[in-house]
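Scroll down for the structure; my scribbles are underneath it.
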Amino acid sequence: MNNAELAELVATANDLTKADARRIVDSVFVSIGEAASRGEEVALNAFGKFKVKHTPAREGRNPANGETIMIAASRKLTFSAAKAVKDKLNG
């Protein structure tokens, strides 16, 4: 499912135009992205949590020549599904 398909489902379920639903869907994802960029956790009841995970800098190896390289620290957005979602997935 992509953003357009999700917006169409939202429009149908809530008697909205597709354009209005698309703006709502887009604004939800923008809001999640902005909160994540500030390092905030986004918890959606009965769906799951988006968390920012910090990965420290570390040493790695270049697979082509075996040379040691430094891998920079980074932040990643992770998702943990809520129990209700896990239960739906596993029957």
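If you're wondering about the labels, chains in the structure tokens are A, B, ... by order shown, residues count from 1 in each chain, ligands from 1 in order shown.
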
Next item on the list: From a DSSP calculation on the backbone, collect every residue of range 28-83 of chain A in strand (DSSP E) and output the set as a ChimeraX atom specification.
Entry: /A:42-44,48-55,58-61,68-71,74-81

How about saving the chosen residues, N, CA, C and O atoms kept, as a compact mmCIF listing (two decimals), in the first residue's frame?
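And here is the file that came out, out_8.txt:
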# COMPACT_ATOMS: atom_id res chain seq x y z
N VAL A 42 7.23 8.63 19.10
CA VAL A 42 5.83 8.79 18.69
C VAL A 42 5.13 7.47 18.98
O VAL A 42 5.44 6.44 18.39
N ALA A 43 4.19 7.51 19.93
CA ALA A 43 3.46 6.31 20.33
C ALA A 43 2.02 6.43 19.84
O ALA A 43 1.32 7.39 20.16
N LEU A 44 1.59 5.46 19.05
CA LEU A 44 0.23 5.42 18.51
C LEU A 44 -0.48 4.22 19.14
O LEU A 44 -0.13 3.07 18.87
N GLY A 48 1.64 1.07 17.51
CA GLY A 48 3.05 0.87 17.81
C GLY A 48 3.76 2.17 18.13
O GLY A 48 3.13 3.21 18.30
N LYS A 49 5.09 2.07 18.23
CA LYS A 49 5.92 3.22 18.59
C LYS A 49 7.03 3.41 17.56
O LYS A 49 7.66 2.45 17.12
N PHE A 50 7.25 4.67 17.20
CA PHE A 50 8.40 5.05 16.41
C PHE A 50 9.41 5.65 17.38
O PHE A 50 9.07 6.56 18.14
N LYS A 51 10.64 5.13 17.36
CA LYS A 51 11.68 5.61 18.26
C LYS A 51 12.93 5.93 17.45
O LYS A 51 13.19 5.30 16.43
N VAL A 52 13.70 6.89 17.94
CA VAL A 52 14.98 7.22 17.33
C VAL A 52 16.04 6.43 18.08
O VAL A 52 16.13 6.50 19.30
N LYS A 53 16.83 5.67 17.33
CA LYS A 53 17.90 4.86 17.91
C LYS A 53 19.23 5.47 17.51
O LYS A 53 19.46 5.77 16.33
N HIS A 54 20.11 5.67 18.48
CA HIS A 54 21.43 6.23 18.23
C HIS A 54 22.43 5.09 18.07
O HIS A 54 22.52 4.22 18.92
N THR A 55 23.16 5.11 16.97
CA THR A 55 24.21 4.13 16.72
C THR A 55 25.54 4.85 16.84
O THR A 55 25.79 5.80 16.09
N ARG A 58 31.88 3.52 14.92
CA ARG A 58 32.54 2.25 15.16
C ARG A 58 33.53 1.96 14.03
O ARG A 58 33.48 2.59 12.97
N GLU A 59 34.39 1.00 14.28
CA GLU A 59 35.33 0.56 13.26
C GLU A 59 34.70 -0.53 12.42
O GLU A 59 33.98 -1.37 12.93
N GLY A 60 34.98 -0.51 11.13
CA GLY A 60 34.50 -1.54 10.23
C GLY A 60 35.59 -1.90 9.25
O GLY A 60 36.69 -1.38 9.30
N ARG A 61 35.26 -2.79 8.36
CA ARG A 61 36.24 -3.22 7.34
C ARG A 61 35.64 -3.02 5.95
O ARG A 61 34.47 -3.31 5.72
N THR A 68 40.73 -1.20 7.34
CA THR A 68 39.92 -0.71 8.45
C THR A 68 39.42 0.70 8.12
O THR A 68 40.18 1.54 7.68
N ILE A 69 38.11 0.92 8.34
CA ILE A 69 37.51 2.23 8.12
C ILE A 69 36.69 2.62 9.34
O ILE A 69 36.30 1.76 10.14
N MET A 70 36.43 3.91 9.49
CA MET A 70 35.56 4.39 10.57
C MET A 70 34.16 4.61 10.00
O MET A 70 34.00 5.27 8.98
N ILE A 71 33.19 4.04 10.67
CA ILE A 71 31.79 4.22 10.29
C ILE A 71 31.23 5.27 11.23
O ILE A 71 31.31 5.15 12.45
N SER A 74 25.28 7.53 13.75
CA SER A 74 24.06 7.88 13.02
C SER A 74 22.84 7.69 13.91
O SER A 74 22.92 7.09 14.97
N ARG A 75 21.74 8.24 13.45
CA ARG A 75 20.45 8.04 14.11
C ARG A 75 19.54 7.31 13.13
O ARG A 75 19.53 7.61 11.95
N LYS A 76 18.77 6.36 13.65
CA LYS A 76 17.85 5.58 12.82
C LYS A 76 16.46 5.63 13.44
O LYS A 76 16.32 5.66 14.66
N LEU A 77 15.45 5.59 12.60
CA LEU A 77 14.08 5.53 13.07
C LEU A 77 13.66 4.07 13.10
O LEU A 77 13.72 3.38 12.08
N THR A 78 13.25 3.60 14.26
CA THR A 78 12.81 2.21 14.41
C THR A 78 11.33 2.19 14.74
O THR A 78 10.77 3.17 15.22
N PHE A 79 10.70 1.06 14.47
CA PHE A 79 9.29 0.89 14.77
C PHE A 79 9.09 -0.40 15.54
O PHE A 79 9.64 -1.43 15.18
N SER A 80 8.32 -0.31 16.62
CA SER A 80 7.94 -1.48 17.40
C SER A 80 6.43 -1.60 17.33
O SER A 80 5.71 -0.69 17.74
N ALA A 81 5.96 -2.70 16.80
CA ALA A 81 4.52 -2.91 16.67
C ALA A 81 3.89 -3.18 18.04
O ALA A 81 4.49 -3.82 18.90

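Nearest residue to Glu5 in chain A, choosing from A:Ala73, A:Ala64, A:Val30, A:Ala21 and counting only C-alpha atoms: A:Ala21.
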
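Using only C-alpha atoms, the smallest distance between any of A:Leu9, A:Lys83, A:Pro63, A:Phe47 and Arg22 in chain A comes from A:Leu9.
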
Margin query: Taking only chain A into account, list the residues labelled helix (DSSP H, G or I) by DSSP (computed from the backbone), as a VMD selection string.
Written below: chain A and resid 3 to 14 18 to 37 83 to 89

Selection file, N, CA, C and O atoms, as a compact mmCIF listing (two decimals), in the first residue's frame:
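Final output, again.txt:
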# COMPACT_ATOMS: atom_id res chain seq x y z
N ASN A 3 1.00 5.81 -0.28
CA ASN A 3 0.28 6.95 0.32
C ASN A 3 -1.07 7.20 -0.36
O ASN A 3 -2.06 7.50 0.32
N ALA A 4 -1.12 7.10 -1.68
CA ALA A 4 -2.36 7.35 -2.41
C ALA A 4 -3.43 6.33 -2.04
O ALA A 4 -4.61 6.67 -1.85
N GLU A 5 -3.03 5.07 -1.95
CA GLU A 5 -3.98 4.02 -1.57
C GLU A 5 -4.46 4.20 -0.14
O GLU A 5 -5.65 4.00 0.16
N LEU A 6 -3.56 4.58 0.75
CA LEU A 6 -3.94 4.83 2.14
C LEU A 6 -4.91 6.01 2.21
O LEU A 6 -5.92 5.96 2.92
N ALA A 7 -4.62 7.07 1.47
CA ALA A 7 -5.51 8.24 1.45
C ALA A 7 -6.89 7.87 0.91
O ALA A 7 -7.91 8.35 1.42
N GLU A 8 -6.93 7.00 -0.10
CA GLU A 8 -8.22 6.57 -0.64
C GLU A 8 -9.03 5.80 0.40
O GLU A 8 -10.24 6.00 0.53
N LEU A 9 -8.38 4.95 1.17
CA LEU A 9 -9.07 4.22 2.24
C LEU A 9 -9.59 5.18 3.32
O LEU A 9 -10.71 5.02 3.80
N VAL A 10 -8.77 6.16 3.67
CA VAL A 10 -9.18 7.15 4.68
C VAL A 10 -10.37 7.96 4.15
O VAL A 10 -11.34 8.22 4.88
N ALA A 11 -10.31 8.35 2.88
CA ALA A 11 -11.41 9.13 2.29
C ALA A 11 -12.70 8.34 2.30
O ALA A 11 -13.77 8.86 2.67
N THR A 12 -12.64 7.07 1.92
CA THR A 12 -13.84 6.22 1.89
C THR A 12 -14.40 6.00 3.28
O THR A 12 -15.61 6.09 3.49
N ALA A 13 -13.53 5.74 4.25
CA ALA A 13 -13.97 5.44 5.61
C ALA A 13 -14.55 6.65 6.33
O ALA A 13 -15.36 6.51 7.24
N ASN A 14 -14.14 7.87 5.91
CA ASN A 14 -14.54 9.07 6.64
C ASN A 14 -15.33 10.07 5.81
O ASN A 14 -15.51 11.21 6.22
N LYS A 18 -10.75 12.68 -1.82
CA LYS A 18 -9.43 12.07 -1.87
C LYS A 18 -8.35 13.11 -1.60
O LYS A 18 -7.35 12.82 -0.95
N ALA A 19 -8.56 14.33 -2.08
CA ALA A 19 -7.58 15.40 -1.88
C ALA A 19 -7.45 15.75 -0.39
O ALA A 19 -6.34 15.92 0.12
N ASP A 20 -8.58 15.85 0.30
CA ASP A 20 -8.55 16.14 1.74
C ASP A 20 -7.87 15.01 2.50
O ASP A 20 -7.06 15.25 3.39
N ALA A 21 -8.21 13.78 2.16
CA ALA A 21 -7.62 12.63 2.83
C ALA A 21 -6.12 12.58 2.57
O ALA A 21 -5.34 12.26 3.47
N ARG A 22 -5.69 12.89 1.35
CA ARG A 22 -4.26 12.88 1.02
C ARG A 22 -3.51 13.92 1.85
O ARG A 22 -2.42 13.66 2.35
N ARG A 23 -4.10 15.11 2.02
CA ARG A 23 -3.46 16.14 2.86
C ARG A 23 -3.34 15.68 4.30
O ARG A 23 -2.33 15.90 4.96
N ILE A 24 -4.36 14.99 4.81
CA ILE A 24 -4.32 14.48 6.18
C ILE A 24 -3.24 13.41 6.32
O ILE A 24 -2.44 13.45 7.25
N VAL A 25 -3.21 12.46 5.41
CA VAL A 25 -2.22 11.38 5.46
C VAL A 25 -0.81 11.99 5.38
O VAL A 25 0.08 11.63 6.16
N ASP A 26 -0.61 12.89 4.44
CA ASP A 26 0.71 13.52 4.30
C ASP A 26 1.11 14.27 5.55
O ASP A 26 2.27 14.21 5.99
N SER A 27 0.17 14.98 6.17
CA SER A 27 0.49 15.75 7.37
C SER A 27 0.83 14.84 8.55
O SER A 27 1.68 15.18 9.38
N VAL A 28 0.21 13.66 8.62
CA VAL A 28 0.54 12.71 9.68
C VAL A 28 1.99 12.26 9.54
O VAL A 28 2.76 12.27 10.51
N PHE A 29 2.40 11.91 8.32
CA PHE A 29 3.76 11.45 8.12
C PHE A 29 4.79 12.56 8.31
O PHE A 29 5.87 12.32 8.84
N VAL A 30 4.45 13.77 7.90
CA VAL A 30 5.35 14.91 8.13
C VAL A 30 5.51 15.14 9.63
O VAL A 30 6.62 15.36 10.12
N SER A 31 4.43 15.05 10.38
CA SER A 31 4.48 15.25 11.83
C SER A 31 5.32 14.18 12.51
O SER A 31 6.11 14.48 13.42
N ILE A 32 5.20 12.93 12.08
CA ILE A 32 6.02 11.85 12.64
C ILE A 32 7.49 12.11 12.33
O ILE A 32 8.35 11.99 13.19
N GLY A 33 7.79 12.52 11.10
CA GLY A 33 9.17 12.82 10.71
C GLY A 33 9.75 13.97 11.48
O GLY A 33 10.92 13.92 11.91
N GLU A 34 8.97 15.02 11.70
CA GLU A 34 9.46 16.17 12.47
C GLU A 34 9.72 15.80 13.92
O GLU A 34 10.72 16.20 14.50
N ALA A 35 8.82 15.02 14.52
CA ALA A 35 9.02 14.58 15.90
C ALA A 35 10.27 13.71 16.00
O ALA A 35 11.07 13.85 16.93
N ALA A 36 10.47 12.83 15.04
CA ALA A 36 11.65 11.96 15.04
C ALA A 36 12.92 12.78 14.90
O ALA A 36 13.93 12.49 15.55
N SER A 37 12.90 13.82 14.06
CA SER A 37 14.09 14.64 13.88
C SER A 37 14.46 15.39 15.16
O SER A 37 15.63 15.73 15.35
N LYS A 83 1.08 -4.85 20.63
CA LYS A 83 0.62 -6.23 20.77
C LYS A 83 -0.59 -6.52 19.87
O LYS A 83 -0.68 -7.58 19.27
N ALA A 84 -1.49 -5.57 19.75
CA ALA A 84 -2.68 -5.77 18.91
C ALA A 84 -2.29 -6.02 17.45
O ALA A 84 -2.88 -6.88 16.78
N VAL A 85 -1.30 -5.30 16.95
CA VAL A 85 -0.84 -5.49 15.57
C VAL A 85 -0.14 -6.84 15.43
O VAL A 85 -0.36 -7.57 14.46
N LYS A 86 0.70 -7.18 16.40
CA LYS A 86 1.39 -8.47 16.37
C LYS A 86 0.39 -9.62 16.37
O LYS A 86 0.56 -10.61 15.65
N ASP A 87 -0.66 -9.49 17.17
CA ASP A 87 -1.68 -10.53 17.22
C ASP A 87 -2.40 -10.68 15.89
O ASP A 87 -2.71 -11.79 15.44
N LYS A 88 -2.68 -9.55 15.20
CA LYS A 88 -3.32 -9.61 13.87
C LYS A 88 -2.42 -10.30 12.86
O LYS A 88 -2.87 -11.04 12.00
N LEU A 89 -1.12 -10.03 12.96
CA LEU A 89 -0.18 -10.62 12.02
C LEU A 89 -0.04 -12.12 12.21
O LEU A 89 0.18 -12.87 11.26

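Between CA of Glu40 in chain A and CA of Ala72 in chain A the interatomic distance comes to 21.7 Å.
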